[in-house]
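First the structure, in the form of structure tokens, and then the observations on it.
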Amino acid sequence: MAYPPTGEDPLLGRAQIATLAGVGRPTVTAWENQETDFPSPRRSNGQDYFRQSEIMDWLDRRSVPSGRLVEGEPVGTTYGDRARKGQGADAARHRLGTGSSYRMPTGAVDEPRPENRRIVADLMGSLVDRVRGAASVLDYLNLLLCLHYLRGAAPDRFDTLAARARSLNSLDGAAQLLRDVGRLADEDMRGLGVHSSMQEALGRLEPRTARDLRNVVDAMSRLTEDVFGLILDEYEQRAALGSGEFFTPRPVVRLMTRLACSEFGPGEPESVYDPYARDGGFLIEAMAAFASDRDGLPRKETLLTYGETRRADTWRLATMNLLLHGVSPALDLKRTAPWHDGPERAPLEFFDIVLTNPPFNMSDPGREERREGQWAYGAPPLDNDNLAWVQHCLARLRERGRAGIIMPNKAGNSGHKAEQTIRRNLVESGVVDCVIALPAQLFTSTAVPVSVWILRHPDNPCDNTLFLDARHMGSKNGSRRVLSALDAESLLDTYRAHRSTGAAAPPPSPTTADPHVPAALVSREELRRNGFSLNPLDHVERQSGGRDGFEYELVSAQERLLDAEEHLRDIRDAAARLPIVGDHGPLLRRNQPASTATLDSLCEIQAGPSYSVLGKKQRSANGPVPVVFPRHLKGRRINDEADERVTKETARRLRNFELRHRDIVCVRSGAIVPPALVQQHQAGWLMSPNVIRLRVPEGQEDRVLPEYLFHYLCLDESVAWMRDRAAATAAPSLRSESLGSLQIPLPDLVEQQEIVAALNGLDELDRAHLAVAASVRHSRIALAGALLGQSSEPTPGTFPRHRFEKEAML
């Protein structure tokens, strides 16, 4: 099997290429200018470098002219032959970690020693501003990482630099030392194929005194273990990366790796892949997990590793991290998402293990599905890549392969039709092995609630999905929460207990394997009944007595409040950009519409079926197809209670009364309330006898938008008009003929679109405010229980998720 290269592939300058090929320096420039297939350079510190493997391939295709052959070279010798013959003298290159005091070909340190934490804390104190001057904090952090890298990768060179630092007495000497630190780090990494530019970054630093730089180098020399993760934490917090480029906490990396590798024996997997390698942690941990064979001896065959990233700064950091832990730097910098085809994309490869923490898309996606790409489980929506990453991970698995991916909880139960379809196909294919809800505040730069999804190859499916709720686990460390090794072991033990027995799904209550990990093993049929939700919160309920139960509910409430507040901020920002709403000026008097039309000339009006064909006998609470009654019309929407259902056979028989996306539903008999617009996920539901359906046919959409018509019918005067017509009968009832006579003003389509965008945006803002208010009430109840309910326990089901969603709809 062909994998991306994982061995050393140095970067060469033009003078090095000339020496390699046995030609003059001008000849290399002539080749580059005259030969169209000459390899392209990589830029580093303002200079061009070429990958050795590409240069050797090119030299192998170029024969040495007969007049330029040297003694011992037969006719037909290529420049590649010459290069290989002369490489022996230059083959003695330093190897990573020779003489290093703390380089570890194992997983990263979870908890550095207190003295090392103090050293890093001192380095991130007043020294930051004293050494960086006008440069950025990131340039200062690059200095720390370069020193840390050289200490582990080239200790002899580091010792020479440290000795020079101890005798520094001038700013000129400090500036030269900074340049040399960056140059040596760049040279070492270029020798391994990494086009680093640390010399340029460190050249921007402006220490106030030579003593300040001396203190930095001295502090780095006193470290006794790997603190790369601690420095990355500081990098993450101070970079303030708006892209959500937060690094994955090491306990989470270790947990995911052990879960994904649980079905492999020592020495079995051959390869691991991270399609969005942030700091390289997953590749490091996987390499450590399979460093030994079944007898505990070092593996003869090294685990092949490959990663991709789309940020140049984190790519350099991840490469240094990988090298320090003995992992080949097979990490490519890509400009596009991994599912996009392009000339920079390597042929599709397959891996035994795929592990990643991709960037999240938390905004609600647009209605459309993407058309590009091949999607085995359904095309994801535009503007949201969450389930695109899931499908990419599955597509890169070999048979028996396993994947671990971090997903926002929202991806597990979003209402978007395309995402519902994908989740349904994932469940039906049996590829979702386990989903774990993680505690809030694990990540430095985001409060988004997240879960770990463990996936398996579709040729090795499972009939049920295990859901674990770890939201209450971990301990506070400043503003963050940290999973301990004991927490991770509890989760692993619970997973093994459920997966090893193959027992029937237990009820959604605390598992007997570990009372601290609530779990539910949910069958495929039950997932169907629950709308294919993959959010653990929809399947696992905690039933624990005393203060622990209340504190657990408080964590849950705070998590929902953070989620609701973040959503509100997104909606508020979007509303500020809307036409009309975002103008922030007096509302201009709008022109009178050029025309009006009766409602029945703009849309099809269909009353619900008669009671004889859809009465109580045909309905139940267990059928697959919901039926919409007037009581379901609340807040200008159809709520999702779906307490009345019919069989598929009944739905097929009554398909003329089926609802479609963007249909408008009005009350036919009973108390008249504002109408509701059918959402995407409600397409296929049935009308009850008590409602009327309005549908704008395709031929009329150049005159009126369904959403414009809906908003007009929601006006107070429109609702009053309908109530007046319904009151004209003995029992309140609105006839289709009466409704059809309502006059509708028709502005042009551009104005209709502006009106719809403005009113839709404010509706979303209204719902977001209601969700925050409901979450605040939830938090208040949970906090009161945690503070005042020491001797009691929360009643099971006191805080059901649907209750707060229902409150937010009111």
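By order in the structure tokens, chains are A, B, ...; within a chain, residues start at 1; ligands start at 1, following the order shown.
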
DSSP says strand (DSSP E) for which residues of segment 520-701 of chain A? Put them as a PyMOL selection string? chain A and resi 520-523+595-598+604-607+625-628+633-634+637-638+645-646+664-667+676-677+686-687+691-695

Mind writing the picked residues with N, CA and C atoms as a compact mmCIF listing (two decimals), in the first residue's frame?
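Result file is selection33.txt:
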# COMPACT_ATOMS: atom_id res chain seq x y z
N ALA A 520 -26.18 4.69 28.19
CA ALA A 520 -27.34 4.03 27.58
C ALA A 520 -26.88 3.37 26.29
N LEU A 521 -27.17 2.09 26.15
CA LEU A 521 -26.90 1.35 24.93
C LEU A 521 -28.20 1.31 24.14
N VAL A 522 -28.26 2.06 23.06
CA VAL A 522 -29.52 2.33 22.35
C VAL A 522 -29.55 1.56 21.04
N SER A 523 -30.63 0.82 20.84
CA SER A 523 -30.77 0.02 19.63
C SER A 523 -31.06 0.91 18.42
N SER A 595 -49.81 46.49 -7.10
CA SER A 595 -51.01 45.70 -7.36
C SER A 595 -51.39 44.92 -6.12
N THR A 596 -52.61 44.40 -6.12
CA THR A 596 -53.07 43.47 -5.10
C THR A 596 -53.68 42.27 -5.81
N ALA A 597 -53.83 41.20 -5.08
CA ALA A 597 -54.44 39.99 -5.65
C ALA A 597 -55.14 39.24 -4.53
N THR A 598 -56.16 38.48 -4.89
CA THR A 598 -56.83 37.66 -3.88
C THR A 598 -55.94 36.47 -3.54
N GLU A 604 -52.64 27.64 -3.87
CA GLU A 604 -53.63 26.57 -3.78
C GLU A 604 -54.11 26.48 -2.34
N ILE A 605 -55.42 26.42 -2.13
CA ILE A 605 -55.99 26.34 -0.79
C ILE A 605 -56.63 24.97 -0.62
N GLN A 606 -56.14 24.20 0.33
CA GLN A 606 -56.60 22.83 0.52
C GLN A 606 -57.01 22.62 1.98
N ALA A 607 -58.27 22.27 2.20
CA ALA A 607 -58.73 21.95 3.55
C ALA A 607 -58.28 20.54 3.91
N VAL A 625 -45.66 8.78 11.07
CA VAL A 625 -45.96 10.05 10.38
C VAL A 625 -46.81 10.94 11.28
N PRO A 626 -46.30 12.12 11.70
CA PRO A 626 -47.07 13.02 12.57
C PRO A 626 -48.24 13.68 11.83
N VAL A 627 -49.27 14.04 12.60
CA VAL A 627 -50.44 14.76 12.08
C VAL A 627 -50.51 16.11 12.80
N VAL A 628 -50.74 17.19 12.03
CA VAL A 628 -50.72 18.55 12.57
C VAL A 628 -52.15 19.00 12.89
N LEU A 633 -49.93 24.67 16.40
CA LEU A 633 -49.54 25.96 15.82
C LEU A 633 -49.27 26.95 16.95
N LYS A 634 -47.99 27.17 17.26
CA LYS A 634 -47.63 28.07 18.37
C LYS A 634 -46.44 28.92 17.94
N ARG A 637 -45.13 28.85 14.37
CA ARG A 637 -44.45 27.64 13.94
C ARG A 637 -45.27 26.42 14.32
N ILE A 638 -44.98 25.30 13.67
CA ILE A 638 -45.55 24.03 14.07
C ILE A 638 -44.59 23.40 15.06
N ARG A 645 -50.16 10.49 15.46
CA ARG A 645 -49.43 9.91 14.33
C ARG A 645 -50.29 8.90 13.58
N VAL A 646 -49.86 8.58 12.37
CA VAL A 646 -50.54 7.55 11.57
C VAL A 646 -49.49 6.62 10.98
N ILE A 664 -47.97 26.84 4.07
CA ILE A 664 -48.51 27.64 5.16
C ILE A 664 -49.72 26.90 5.72
N VAL A 665 -49.77 26.74 7.03
CA VAL A 665 -50.87 26.03 7.68
C VAL A 665 -51.69 27.02 8.51
N CYS A 666 -53.00 27.07 8.25
CA CYS A 666 -53.92 27.95 9.00
C CYS A 666 -54.94 27.09 9.75
N VAL A 667 -55.52 27.68 10.78
CA VAL A 667 -56.57 26.99 11.52
C VAL A 667 -57.85 27.01 10.70
N ALA A 676 -48.75 29.05 10.54
CA ALA A 676 -47.39 28.55 10.74
C ALA A 676 -46.80 28.15 9.40
N LEU A 677 -45.48 28.28 9.30
CA LEU A 677 -44.76 27.90 8.08
C LEU A 677 -44.10 26.54 8.31
N LEU A 686 -48.73 15.14 7.94
CA LEU A 686 -50.10 15.20 7.39
C LEU A 686 -50.90 16.31 8.06
N MET A 687 -51.84 16.88 7.29
CA MET A 687 -52.81 17.81 7.84
C MET A 687 -53.89 17.03 8.59
N VAL A 691 -57.31 21.89 9.92
CA VAL A 691 -56.42 22.91 9.38
C VAL A 691 -56.61 23.07 7.88
N ILE A 692 -56.07 24.16 7.36
CA ILE A 692 -56.09 24.47 5.93
C ILE A 692 -54.64 24.66 5.48
N ARG A 693 -54.34 24.15 4.32
CA ARG A 693 -52.99 24.28 3.76
C ARG A 693 -52.99 25.28 2.60
N LEU A 694 -52.02 26.20 2.61
CA LEU A 694 -51.81 27.13 1.50
C LEU A 694 -50.48 26.79 0.85
N ARG A 695 -50.48 26.64 -0.45
CA ARG A 695 -49.25 26.27 -1.16
C ARG A 695 -49.11 27.14 -2.41

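Excluding Asn215 of chain A itself and same-chain residues fewer than 4 positions from it, the residues having an atom within 9 Å of it are Leu123, Leu127, Ala165, Arg166, Ala210, Arg211, Ala219 and Met220 of chain A, counting only C-alpha atoms.
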
Do you know which residues are at most 10 Å from Ala727 of chain A counting only C-alpha atoms, after dropping those on the same chain fewer than 5 positions away, and could you put them as number ranges by chain? A: 670-672, 722, 732-734

Which parts of segment 579-650 of chain A does DSSP call alpha helix (DSSP H) when run on the backbone here, written out as an mmCIF file with N, CA, C and O atoms, in the first residue's frame?
data_model
loop_
_atom_site.group_PDB
_atom_site.id
_atom_site.type_symbol
_atom_site.label_atom_id
_atom_site.label_comp_id
_atom_site.auth_asym_id
_atom_site.auth_seq_id
_atom_site.Cartn_x
_atom_site.Cartn_y
_atom_site.Cartn_z
ATOM 1 N N LEU A 599 -56.094 35.974 -2.333
ATOM 2 C CA LEU A 599 -55.261 34.871 -1.873
ATOM 3 C C LEU A 599 -55.408 33.643 -2.752
ATOM 4 O O LEU A 599 -54.420 32.967 -3.065
ATOM 5 N N ASP A 600 -56.648 33.357 -3.197
ATOM 6 C CA ASP A 600 -56.852 32.137 -3.994
ATOM 7 C C ASP A 600 -56.253 32.237 -5.387
ATOM 8 O O ASP A 600 -56.106 31.220 -6.066
ATOM 9 N N SER A 601 -55.895 33.481 -5.843
ATOM 10 C CA SER A 601 -55.241 33.608 -7.145
ATOM 11 C C SER A 601 -53.734 33.421 -7.042
ATOM 12 O O SER A 601 -53.055 33.294 -8.060
ATOM 13 N N LEU A 602 -53.222 33.433 -5.809
ATOM 14 C CA LEU A 602 -51.778 33.308 -5.596
ATOM 15 C C LEU A 602 -51.363 31.928 -5.132
ATOM 16 O O LEU A 602 -50.200 31.536 -5.314
ATOM 17 N N LYS A 648 -47.584 4.401 7.892
ATOM 18 C CA LYS A 648 -47.137 4.756 6.548
ATOM 19 C C LYS A 648 -48.227 4.465 5.514
ATOM 20 O O LYS A 648 -48.382 5.198 4.538
ATOM 21 N N GLU A 649 -48.995 3.393 5.726
ATOM 22 C CA GLU A 649 -50.066 3.056 4.788
ATOM 23 C C GLU A 649 -51.136 4.147 4.770
ATOM 24 O O GLU A 649 -51.599 4.570 3.704
ATOM 25 N N THR A 650 -51.500 4.641 5.955
ATOM 26 C CA THR A 650 -52.490 5.726 6.012
ATOM 27 C C THR A 650 -51.942 6.985 5.352
ATOM 28 O O THR A 650 -52.651 7.686 4.626
#

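Rounded to one decimal, atom CA of Thr27 of chain A and atom CA of Asp48 of chain A lie 16.0 Å from each other.
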
Leu259 of chain A surroundings by only C-alpha atoms, 12 Å radius, close-in-sequence under 3 positions cut, as number ranges by chain: A: 252-256, 262-264, 286, 289, 353-355, 402-405, 433-436, 452-456, 488-489, 491-496, 499

Gln176 of chain A environment, 12 Å, only C-alpha atoms, sequence neighbours closer than 4 positions dropped, as a ChimeraX atom specification: /A:161,164-165,168-172,180-183,199,202-207,210,213

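Within the 10 Å cut-off around Leu20 of chain A, using only C-alpha atoms and omitting residues fewer than 4 positions from it on the same chain, the listed residues are Leu12, Arg14, Ala15, Gln16, Gln52, Ile55, Met56, Leu59, Tyr79, Gly80, Arg82, Ala83, Arg84, Lys85, Gly86, Gln87 and Asp90 of chain A.
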
Find the spatial neighbours of Val776 of chain A, counting only C-alpha atoms, within a cut-off of 8 Å - ignore same-chain residues fewer than 4 positions away - and output them as a PDB file with N, CA and C atoms, in the first residue's frame.
ATOM      1  N   LEU A 561     -27.037  27.127  28.990  1.00  0.00           N
ATOM      2  CA  LEU A 561     -27.070  28.584  28.992  1.00  0.00           C
ATOM      3  C   LEU A 561     -25.943  29.147  28.131  1.00  0.00           C
ATOM      4  N   VAL A 772     -32.580  31.797  25.699  1.00  0.00           N
ATOM      5  CA  VAL A 772     -31.719  32.246  26.794  1.00  0.00           C
ATOM      6  C   VAL A 772     -32.529  32.380  28.073  1.00  0.00           C
ATOM      7  N   ARG A 780     -31.371  28.735  37.308  1.00  0.00           N
ATOM      8  CA  ARG A 780     -31.801  29.181  38.624  1.00  0.00           C
ATOM      9  C   ARG A 780     -32.335  28.011  39.443  1.00  0.00           C
TER      10      ARG A 780
END

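We find atom CA of Glu707 of chain A and atom CA of Gly635 of chain A to be spaced 15.2 Å apart.
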